[in-house]
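Chemist: I'd like to ask some things about the structure below.
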Amino acid sequence: MKAIKEGVKHFDKSNVQFTGGLGVDIQRFSIDVRYERGFSNLSKSFKSKPQAFSIGVGYFIF
(Lines give C-alpha, C1' and ligand atoms only; values in the text may rest on other atoms or scores of the structure.)
Protein backbone atom coordinates (compact mmCIF):
# COMPACT_ATOMS: atom_id res chain seq x y z
CA MET A 1 0.00 0.00 0.00
CA LYS A 2 2.89 2.35 0.76
CA ALA A 3 4.34 1.83 -2.73
CA ILE A 4 1.02 2.83 -4.33
CA LYS A 5 0.82 6.01 -2.24
CA GLU A 6 4.39 6.93 -3.22
CA GLY A 7 3.65 6.30 -6.91
CA VAL A 8 0.50 8.44 -6.90
CA LYS A 9 2.48 11.42 -5.55
CA HIS A 10 4.33 11.64 -8.89
CA PHE A 11 1.14 12.36 -10.88
CA ASP A 12 -0.66 15.70 -11.10
CA LYS A 13 -4.01 15.81 -9.33
CA SER A 14 -5.84 17.50 -12.21
CA ASN A 15 -5.82 17.40 -15.99
CA VAL A 16 -7.50 19.55 -18.60
CA GLN A 17 -8.78 17.59 -21.58
CA PHE A 18 -10.95 17.72 -24.68
CA THR A 19 -13.79 15.26 -25.22
CA GLY A 20 -15.74 14.91 -28.45
CA GLY A 21 -18.04 12.36 -29.93
CA LEU A 22 -20.56 11.48 -32.59
CA GLY A 23 -23.56 9.20 -32.50
CA VAL A 24 -25.68 7.82 -35.32
CA ASP A 25 -28.96 5.89 -35.18
CA ILE A 26 -29.80 3.70 -38.19
CA GLN A 27 -33.18 2.00 -37.88
CA ARG A 28 -32.87 0.00 -34.63
CA PHE A 29 -29.07 0.23 -34.33
CA SER A 30 -27.01 2.89 -32.61
CA ILE A 31 -23.30 3.59 -33.17
CA ASP A 32 -21.34 5.99 -30.97
CA VAL A 33 -17.71 7.13 -31.29
CA ARG A 34 -15.90 9.12 -28.60
CA TYR A 35 -12.39 10.58 -28.36
CA GLU A 36 -10.65 12.15 -25.36
CA ARG A 37 -7.27 13.90 -25.39
CA GLY A 38 -5.50 15.63 -22.51
CA PHE A 39 -3.96 19.08 -22.95
CA SER A 40 -1.53 18.71 -20.05
CA ASN A 41 1.00 16.00 -19.19
CA LEU A 42 0.30 13.42 -16.50
CA SER A 43 3.27 14.67 -14.46
CA LYS A 44 6.44 16.73 -14.78
CA SER A 45 8.65 13.64 -14.93
CA PHE A 46 6.33 11.55 -17.14
CA LYS A 47 5.75 13.50 -20.38
CA SER A 48 2.62 11.82 -21.66
CA LYS A 49 -0.85 13.14 -22.30
CA PRO A 50 -3.82 10.89 -21.57
CA GLN A 51 -5.99 9.87 -24.50
CA ALA A 52 -8.84 7.45 -25.11
CA PHE A 53 -10.90 6.30 -28.07
CA SER A 54 -14.10 4.29 -27.70
CA ILE A 55 -16.80 2.86 -29.94
CA GLY A 56 -20.23 1.82 -28.73
CA VAL A 57 -22.81 -0.24 -30.60
CA GLY A 58 -26.41 -0.65 -29.47
CA TYR A 59 -29.69 -2.20 -30.52
CA PHE A 60 -33.10 -0.74 -29.62
CA ILE A 61 -35.39 -3.41 -28.16
CA PHE A 62 -38.48 -1.23 -27.68
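Note on naming: chains are A, B, ... as they come in the C-alpha coordinates, residues start from 1 per chain, ligands start from 1 in the order shown.
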For range 26-39 of chain A, please output as a list of chain:residue names all residues within 7 Å (counting only C-alpha atoms; exclusion window: fewer than 2 positions along the same chain).
Modeler: A:Asn15, A:Val16, A:Gln17, A:Phe18, A:Thr19, A:Gly20, A:Gly21, A:Leu22, A:Gly23, A:Val24, A:Asn41, A:Lys49, A:Pro50, A:Gln51, A:Ala52, A:Phe53, A:Ser54, A:Ile55, A:Gly56, A:Val57, A:Gly58, A:Tyr59, A:Phe60
Chemist: What residues in chain A get the DSSP label strand (DSSP E or B)? Please answer as a PyMOL selection string.
Modeler: chain A and resi 17-26+29-38+51-59
Chemist: Could you find all residues in chain A that DSSP calls helix (DSSP H, G or I) from the backbone, and write them as a PDB file with N, CA and C atoms, in the first residue's frame?
Modeler:
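For reference, part-v1.pdb as written:
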ATOM      1  N   LYS A   2       1.992   1.197   0.700  1.00  0.00           N
ATOM      2  CA  LYS A   2       2.888   2.349   0.763  1.00  0.00           C
ATOM      3  C   LYS A   2       3.465   2.669  -0.619  1.00  0.00           C
ATOM      4  N   ALA A   3       3.786   1.631  -1.391  1.00  0.00           N
ATOM      5  CA  ALA A   3       4.339   1.831  -2.733  1.00  0.00           C
ATOM      6  C   ALA A   3       3.334   2.530  -3.643  1.00  0.00           C
ATOM      7  N   ILE A   4       2.068   2.189  -3.513  1.00  0.00           N
ATOM      8  CA  ILE A   4       1.022   2.832  -4.327  1.00  0.00           C
ATOM      9  C   ILE A   4       0.906   4.306  -3.970  1.00  0.00           C
ATOM     10  N   LYS A   5       0.916   4.615  -2.678  1.00  0.00           N
ATOM     11  CA  LYS A   5       0.824   6.013  -2.244  1.00  0.00           C
ATOM     12  C   LYS A   5       2.007   6.828  -2.750  1.00  0.00           C
ATOM     13  N   GLU A   6       3.195   6.248  -2.716  1.00  0.00           N
ATOM     14  CA  GLU A   6       4.387   6.934  -3.220  1.00  0.00           C
ATOM     15  C   GLU A   6       4.300   7.150  -4.731  1.00  0.00           C
ATOM     16  N   GLY A   7       3.786   6.169  -5.463  1.00  0.00           N
ATOM     17  CA  GLY A   7       3.647   6.300  -6.914  1.00  0.00           C
ATOM     18  C   GLY A   7       2.643   7.352  -7.311  1.00  0.00           C
ATOM     19  N   VAL A   8       1.544   7.465  -6.588  1.00  0.00           N
ATOM     20  CA  VAL A   8       0.497   8.440  -6.902  1.00  0.00           C
ATOM     21  C   VAL A   8       1.000   9.867  -6.712  1.00  0.00           C
TER      22      VAL A   8
END
